[in-house]
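Asker: So I've got this file, structure-v3.txt, and it contains compact mmCIF, C-alpha atoms:
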```txt
# COMPACT_ATOMS: atom_id res chain seq x y z
CA MET Y 1 -11.74 -30.62 -46.35
CA PRO Y 2 -14.38 -30.14 -43.64
CA GLY Y 3 -17.58 -32.18 -43.86
CA ALA Y 4 -21.04 -30.67 -44.23
CA LEU Y 5 -21.46 -30.65 -40.48
CA GLU Y 6 -18.15 -29.14 -39.50
CA LEU Y 7 -16.87 -25.60 -39.21
CA SER Y 8 -14.34 -24.56 -41.83
CA GLU Y 9 -10.68 -24.27 -40.97
CA GLU Y 10 -10.92 -20.49 -41.37
CA THR Y 11 -13.79 -20.24 -38.90
CA ARG Y 12 -11.89 -22.38 -36.43
CA GLU Y 13 -8.91 -20.05 -36.75
CA ARG Y 14 -11.15 -17.04 -36.05
CA MET Y 15 -12.54 -18.83 -33.00
CA ALA Y 16 -9.04 -19.60 -31.75
CA GLU Y 17 -8.13 -15.92 -32.18
CA LEU Y 18 -11.24 -14.85 -30.27
CA ARG Y 19 -10.48 -17.33 -27.51
CA GLY Y 20 -6.89 -16.14 -27.20
CA LEU Y 21 -7.83 -12.46 -27.14
CA SER Y 22 -10.63 -13.12 -24.62
CA GLU Y 23 -8.13 -14.77 -22.28
CA LYS Y 24 -5.67 -11.87 -22.59
CA ALA Y 25 -8.41 -9.28 -22.12
CA GLU Y 26 -9.75 -11.11 -19.07
CA ALA Y 27 -6.25 -11.04 -17.62
CA GLY Y 28 -6.34 -7.23 -17.88
CA ASP Y 29 -4.71 -6.56 -21.25
CA GLU Y 30 -6.56 -3.46 -22.51
CA GLU Y 31 -4.96 -3.62 -25.96
CA ALA Y 32 -6.26 -7.16 -26.31
CA ARG Y 33 -9.74 -5.96 -25.32
CA LYS Y 34 -9.66 -3.28 -28.02
CA GLU Y 35 -8.51 -5.84 -30.58
CA LEU Y 36 -11.19 -8.24 -29.32
CA ARG Y 37 -13.90 -5.61 -29.88
CA ARG Y 38 -12.71 -5.16 -33.45
CA LEU Y 39 -12.52 -8.89 -34.10
CA VAL Y 40 -15.93 -9.57 -32.51
CA ARG Y 41 -17.50 -7.06 -34.91
CA ALA Y 42 -15.64 -8.50 -37.89
CA ALA Y 43 -15.92 -12.23 -37.14
CA SER Y 44 -19.38 -12.52 -35.55
CA PRO Y 45 -21.46 -12.61 -38.76
CA GLU Y 46 -19.23 -15.33 -40.27
CA ILE Y 47 -19.16 -17.54 -37.17
CA ILE Y 48 -22.89 -17.05 -36.53
CA GLY Y 49 -23.66 -17.85 -40.17
CA ARG Y 50 -21.58 -21.03 -40.25
CA ALA Y 51 -22.73 -22.26 -36.85
CA SER Y 52 -26.39 -21.60 -37.70
CA ASP Y 53 -25.93 -23.57 -40.89
CA ILE Y 54 -24.56 -26.50 -38.88
CA ALA Y 55 -27.47 -26.14 -36.44
CA GLY Y 56 -30.03 -26.36 -39.23
CA ARG Y 57 -28.53 -29.51 -40.75
CA THR Y 58 -27.94 -31.14 -37.37
CA GLU Y 59 -31.52 -30.54 -36.27
CA TRP Y 60 -32.77 -32.06 -39.50
CA MET Y 61 -30.66 -35.18 -38.89
CA LEU Y 62 -31.79 -35.43 -35.28
CA ILE Y 63 -35.44 -35.09 -36.33
CA LYS Y 64 -34.97 -37.89 -38.87
CA THR Y 65 -33.38 -40.13 -36.23
CA ILE Y 66 -35.92 -39.50 -33.48
CA SER Y 67 -38.94 -39.82 -35.78
CA ALA Y 68 -37.50 -43.00 -37.37
CA GLY Y 69 -39.14 -42.22 -40.70
CA GLU Y 70 -42.62 -41.41 -39.33
CA PRO Y 71 -43.80 -38.34 -41.29
CA LEU Y 72 -46.28 -37.21 -38.63
CA MET Y 73 -43.62 -37.35 -35.93
CA GLU Y 74 -41.23 -35.45 -38.21
CA GLU Y 75 -43.73 -32.66 -38.78
CA THR Y 76 -44.65 -32.51 -35.11
CA LEU Y 77 -41.00 -32.17 -34.13
CA GLU Y 78 -40.36 -29.51 -36.75
CA ALA Y 79 -43.34 -27.53 -35.51
CA ARG Y 80 -42.21 -27.97 -31.92
CA LEU Y 81 -38.72 -26.69 -32.76
CA ALA Y 82 -40.09 -23.69 -34.61
CA LEU Y 83 -42.26 -22.85 -31.61
CA MET Y 84 -39.32 -23.30 -29.24
CA ARG Y 85 -37.16 -20.99 -31.34
CA GLU Y 86 -39.87 -18.37 -31.39
CA GLU Y 87 -40.50 -18.60 -27.64
CA ILE Y 88 -36.83 -18.66 -26.64
CA ALA Y 89 -35.45 -16.05 -29.03
CA GLY Y 90 -38.43 -13.76 -28.67
CA GLU Y 91 -38.92 -10.63 -30.72
CA ASP Y 92 -36.00 -8.49 -31.86
CA ALA Y 93 -33.38 -11.07 -30.93
CA SER Y 94 -29.83 -10.10 -31.85
CA PRO Y 95 -27.85 -12.45 -34.18
CA LEU Y 96 -25.89 -13.68 -31.14
CA GLU Y 97 -29.13 -14.46 -29.30
CA VAL Y 98 -30.42 -16.30 -32.36
CA LEU Y 99 -27.26 -18.43 -32.38
CA LEU Y 100 -27.55 -19.13 -28.66
CA THR Y 101 -31.20 -20.06 -29.20
CA GLU Y 102 -30.16 -22.50 -31.94
CA ARG Y 103 -27.71 -23.98 -29.48
CA VAL Y 104 -30.43 -24.45 -26.85
CA VAL Y 105 -32.76 -26.06 -29.39
CA SER Y 106 -30.08 -28.41 -30.78
CA CYS Y 107 -29.01 -29.46 -27.30
CA TRP Y 108 -32.64 -30.08 -26.34
CA MET Y 109 -32.99 -32.32 -29.40
CA LEU Y 110 -29.93 -34.30 -28.38
CA VAL Y 111 -31.27 -34.76 -24.84
CA GLU Y 112 -34.59 -35.92 -26.34
CA LEU Y 113 -32.79 -38.37 -28.62
CA PHE Y 114 -30.85 -39.97 -25.76
CA ASP Y 115 -33.98 -40.08 -23.59
CA VAL Y 116 -35.90 -41.85 -26.35
CA LEU Y 117 -33.06 -44.32 -26.95
CA MET Y 118 -32.59 -45.06 -23.26
CA ALA Y 119 -36.31 -45.58 -22.80
CA ALA Y 120 -36.28 -47.98 -25.77
CA GLN Y 121 -33.36 -49.92 -24.27
CA LEU Y 122 -35.06 -50.23 -20.91
CA TRP Y 123 -38.36 -51.18 -22.54
CA ARG Y 124 -36.86 -54.05 -24.50
CA GLY Y 125 -34.50 -54.85 -21.64
CA ASN Y 126 -36.43 -57.95 -20.64
CA GLU Y 127 -36.58 -59.56 -24.05
CA LYS Y 128 -33.19 -58.61 -25.49
CA SER Y 129 -30.43 -57.56 -23.17
CA VAL Y 130 -27.89 -54.95 -24.20
CA SER Y 131 -24.32 -55.03 -23.02
CA PRO Y 132 -23.42 -53.09 -19.85
CA SER Y 133 -20.73 -51.14 -21.77
CA TYR Y 134 -23.35 -49.99 -24.28
CA LEU Y 135 -25.66 -48.82 -21.50
CA LYS Y 136 -22.72 -47.11 -19.79
CA HIS Y 137 -21.97 -45.21 -23.01
CA MET Y 138 -25.59 -44.19 -23.38
CA ILE Y 139 -25.85 -42.97 -19.79
CA ARG Y 140 -22.62 -40.97 -20.14
CA TRP Y 141 -23.87 -39.34 -23.34
CA GLN Y 142 -27.25 -38.63 -21.79
CA GLU Y 143 -25.59 -36.90 -18.84
CA SER Y 144 -23.23 -34.96 -21.08
CA ALA Y 145 -26.11 -33.84 -23.34
CA THR Y 146 -28.12 -32.68 -20.32
CA ARG Y 147 -25.14 -30.72 -18.94
CA ARG Y 148 -24.60 -29.10 -22.36
CA TYR Y 149 -28.29 -28.23 -22.59
CA LEU Y 150 -28.30 -26.55 -19.17
CA ALA Y 151 -25.08 -24.69 -20.04
CA ALA Y 152 -26.72 -23.51 -23.28
CA ILE Y 153 -29.67 -22.07 -21.35
CA LYS Y 154 -27.34 -20.41 -18.86
CA GLY Y 155 -25.27 -18.92 -21.71
CA LEU Y 156 -28.31 -17.37 -23.33
CA VAL Y 157 -29.59 -15.97 -20.04
CA GLN Y 158 -26.19 -14.44 -19.27
CA VAL Y 159 -25.95 -12.73 -22.66
CA ARG Y 160 -29.52 -11.42 -22.36
CA LYS Y 161 -28.98 -10.15 -18.85
CA LEU Y 162 -25.59 -8.56 -19.40
CA LEU Y 163 -25.58 -7.36 -22.99
CA ARG Y 164 -29.03 -5.84 -23.17
CA PRO Y 165 -28.62 -2.32 -21.83
CA SER Y 166 -31.08 -1.74 -19.03
CA VAL Y 167 -32.84 1.52 -18.41
CA GLN Y 168 -33.54 2.59 -14.86
CA ILE Y 169 -36.86 4.29 -14.31
CA ASN Y 170 -37.97 5.80 -11.05
CA TYR Y 171 -41.67 5.18 -10.71
CA ALA Y 172 -43.70 5.91 -7.59
CA GLU Y 173 -40.49 6.24 -5.58
CA GLN Y 174 -39.38 2.79 -6.72
CA GLN Y 175 -36.53 1.93 -9.07
CA VAL Y 176 -37.52 -0.25 -12.00
CA ASN Y 177 -34.92 -1.74 -14.35
CA VAL Y 178 -36.17 -2.28 -17.89
CA ALA Y 179 -34.12 -4.36 -20.36
CA GLY Y 180 -33.45 -2.58 -23.60
CA ASP Y 181 -32.78 -3.68 -27.15
CA LEU Y 182 -29.61 -5.64 -27.85
CA LYS Y 183 -29.61 -4.70 -31.54
CA ARG Y 184 -26.84 -2.17 -31.74
CA MET S 1 -14.76 -74.55 -26.45
CA THR S 2 -13.21 -77.68 -27.88
CA LEU S 3 -14.53 -80.68 -29.71
CA GLU S 4 -12.15 -83.58 -29.15
CA ARG S 5 -12.05 -86.92 -30.91
CA ARG S 6 -10.81 -89.86 -28.92
CA ASP S 7 -11.26 -93.54 -29.83
CA ARG S 8 -13.54 -92.61 -32.74
CA ARG S 9 -15.86 -90.77 -30.33
CA LEU S 10 -16.47 -87.01 -29.99
CA TYR S 11 -16.22 -85.26 -26.64
CA TYR S 12 -17.17 -81.65 -26.09
CA TYR S 13 -15.70 -79.34 -23.44
CA ARG S 14 -16.38 -75.70 -22.63
CA SER S 15 -13.68 -73.36 -21.33
CA VAL S 16 -14.84 -71.63 -18.13
CA ARG S 17 -12.88 -68.88 -16.42
CA ASP S 18 -12.50 -69.37 -12.69
CA GLY S 19 -10.66 -66.33 -11.34
CA GLU S 20 -7.30 -66.29 -13.07
CA LYS S 21 -7.53 -69.89 -14.23
CA VAL S 22 -9.43 -71.32 -17.17
CA ARG S 23 -11.03 -74.72 -16.57
CA LYS S 24 -12.26 -77.22 -19.13
CA VAL S 25 -15.76 -78.37 -18.26
CA TYR S 26 -17.12 -81.56 -19.77
CA VAL S 27 -20.42 -81.03 -21.64
CA GLY S 28 -21.14 -84.31 -23.40
CA ALA S 29 -20.10 -86.99 -25.86
CA GLY S 30 -21.31 -88.32 -29.21
CA GLU S 31 -24.41 -86.65 -30.64
CA GLN S 32 -24.85 -84.53 -27.51
CA ALA S 33 -21.32 -83.11 -28.08
CA CYS S 34 -22.18 -82.06 -31.65
CA ILE S 35 -25.49 -80.42 -30.66
CA SER S 36 -23.93 -78.49 -27.77
CA HIS S 37 -20.97 -77.42 -29.92
CA GLU S 38 -23.20 -76.08 -32.71
CA GLY S 39 -25.46 -74.36 -30.19
CA ASP S 40 -22.45 -72.59 -28.64
CA ILE S 41 -21.18 -71.45 -32.05
CA LEU S 42 -24.61 -70.07 -32.88
CA ARG S 43 -24.84 -68.17 -29.58
CA ARG S 44 -21.32 -66.81 -29.97
CA THR S 45 -22.04 -65.60 -33.52
CA GLU S 46 -25.24 -63.97 -32.31
CA ARG S 47 -23.40 -62.21 -29.47
CA GLU S 48 -20.73 -60.96 -31.88
CA ALA S 49 -23.37 -59.65 -34.30
CA GLN S 50 -25.14 -57.90 -31.42
CA ARG S 51 -21.87 -56.31 -30.28
CA GLU S 52 -21.13 -55.16 -33.83
CA LYS S 53 -24.63 -53.69 -34.13
CA GLN S 54 -24.24 -51.81 -30.85
CA ARG S 55 -20.81 -50.55 -31.85
CA ALA S 56 -22.22 -49.25 -35.15
CA GLU S 57 -25.10 -47.58 -33.31
CA LEU S 58 -22.71 -45.88 -30.88
CA GLU S 59 -20.65 -44.61 -33.82
CA ARG S 60 -23.78 -43.26 -35.48
CA LEU S 61 -24.82 -41.49 -32.27
CA ASP S 62 -21.35 -40.06 -31.85
CA ALA S 63 -21.56 -38.65 -35.37
CA LEU S 64 -24.93 -37.11 -34.52
CA ALA S 65 -23.68 -35.54 -31.29
CA ALA S 66 -20.44 -34.15 -32.76
CA PRO S 67 -22.00 -31.20 -34.67
CA VAL S 68 -24.02 -30.20 -31.59
CA LYS S 69 -20.77 -30.10 -29.61
CA GLU S 70 -19.17 -27.99 -32.33
CA LEU S 71 -22.13 -25.61 -32.44
CA SER S 72 -22.04 -25.34 -28.63
CA GLU S 73 -18.35 -24.54 -28.66
CA ALA S 74 -18.73 -21.86 -31.35
CA ALA S 75 -21.62 -20.24 -29.47
CA GLU S 76 -19.70 -20.40 -26.20
CA VAL S 77 -16.56 -18.79 -27.66
CA LEU S 78 -18.55 -16.05 -29.36
CA ALA S 79 -20.74 -15.27 -26.34
CA ARG S 80 -17.68 -15.07 -24.12
CA ALA S 81 -15.88 -12.80 -26.61
CA HIS S 82 -18.92 -10.51 -26.76
CA LEU S 83 -19.14 -10.31 -22.97
CA ILE S 84 -15.43 -9.67 -22.47
CA ALA S 85 -15.36 -7.12 -25.29
CA ALA S 86 -18.23 -5.37 -23.51
CA GLY S 87 -16.08 -5.06 -20.40
CA TYR S 88 -16.98 -8.15 -18.36
CA HIS S 89 -14.69 -10.71 -16.79
CA ARG S 90 -15.40 -14.02 -15.12
CA HIS S 91 -15.27 -14.40 -11.40
CA LYS S 92 -15.99 -17.89 -10.02
CA GLY S 93 -17.93 -18.75 -13.17
CA GLU S 94 -20.05 -15.58 -13.12
CA TYR S 95 -19.48 -12.56 -15.31
CA ARG S 96 -18.81 -9.23 -13.62
CA ARG S 97 -18.27 -5.79 -15.05
CA ALA S 98 -14.57 -4.87 -14.93
CA ARG S 99 -13.92 -1.72 -12.86
CA SER S 100 -11.89 -0.11 -15.62
CA ALA S 101 -14.53 -0.79 -18.30
```
The structure in this file should be written as structure tokens.
Answerer:
Amino acid sequence: MPGALELSEETRERMAELRGLSEKAEAGDEEARKELRRLVRAASPEIIGRASDIAGRTEWMLIKTISAGEPLMEETLEARLALMREEIAGEDASPLEVLLTERVVSCWMLVELFDVLMAAQLWRGNEKSVSPSYLKHMIRWQESATRRYLAAIKGLVQVRKLLRPSVQINYAEQQVNVAGDLKR
Amino acid sequence: MTLERRDRRLYYYRSVRDGEKVRKVYVGAGEQACISHEGDILRRTEREAQREKQRAELERLDALAAPVKELSEAAEVLARAHLIAAGYHRHKGEYRRARSA
């Protein structure tokens, strides 16, 4: 039985199928690409729904941890996240863009959490020393969270750039590319 | 650390690692031996409690980070599937439109 913060076995199977077909299609298998198109249409709503659910619960837990029970901090963080979501996703975001936005926001929260914890360790470093292995763990997690955060931003930018059909307009003898609407 | 009784008197030694060898270092005798011994036990217990606390905290953080990793993976797989289904392929980490697409 998966926990509240884990994807179901069925969703994992769908993801494995998508991964396998993506690899085959990338290698030039046109049948796999056709099958991938079908599966993407069929599986996207389920995966997006489940992953967004995880994102919501995870963010709530991260907010609770960072704010350490301070209601004002909790509300400030919630407001900040809502603003981030609005700014990053923008208007008329597709479901995939919404998911990728959730990913960016969750990763940002994790980076914030490790930054806060590291700062706290260094602050109290003089009075109560922590073990080098603990600090090593923290630094490794901080680096990994930052890498994941940057990859999340890159992923969203790629999808926006490549999946939004652009319209080319010739204006005053200059070509202007205008991004279109991803909702198809 | 050892508390030894010889001729009705207590002697306290600490074990100190010196490279590959462990040496016994004399700390004190009589009342001094008891005080040093109890002090060492207290410090050791404190260190163990601190280690346990840190281990629990690392486990808690790991549990917090795990769903973010899972969310990231799901988003990554889906975004890649969308891009490849749309006719892209990766070349040196960047997506390019396939010629046949």
Asker: Counting only C-alpha atoms, collect the residues of chain Y whose closest atom lies at most 6 Å from chain S, and write them out as a JSON list (two decimals) with C-alpha atoms, in the coordinates of the input.
Answerer:
```
[["chain", "number", "residue", "atom", "x", "y", "z"],
["Y", 5, "LEU", "CA", -21.46, -30.65, -40.48],
["Y", 22, "SER", "CA", -10.63, -13.12, -24.62],
["Y", 26, "GLU", "CA", -9.75, -11.11, -19.07],
["Y", 33, "ARG", "CA", -9.74, -5.96, -25.32],
["Y", 36, "LEU", "CA", -11.19, -8.24, -29.32],
["Y", 37, "ARG", "CA", -13.90, -5.61, -29.88],
["Y", 51, "ALA", "CA", -22.73, -22.26, -36.85],
["Y", 103, "ARG", "CA", -27.71, -23.98, -29.48]]
```
Asker: So what do you get for atom CA of Ser67 of chain Y versus atom CA of Ala152 of chain Y, distance-wise?
Answerer: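 Here the two named atoms are 23.9 Å from each other.
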Asker: Give me, please, the distance in Å between atom CA of Asp115 of chain Y and atom CA of Leu135 of chain Y, quoted to one decimal.
Answerer: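 If I compute the distance from atom CA of Asp115 of chain Y to atom CA of Leu135 of chain Y, I get 12.2 Å.
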Asker: Anything within 12 Å of (-33.4, -43.1, -27.6): list those residues as a PyMOL selection string, counting all atoms listed in the file and sticking to the file's coordinates.
Answerer: (chain Y and resi 62+65-68+109-124+135+138-139+141-142) or (chain S and resi 57-58+61)
Asker: So the first atom is atom CA of Ser106 of chain Y and the second is atom CA of Ala89 of chain Y; what is the distance between them in Å, to one decimal place?
Answerer: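 Computing it gives 13.6 Å between the two atoms.
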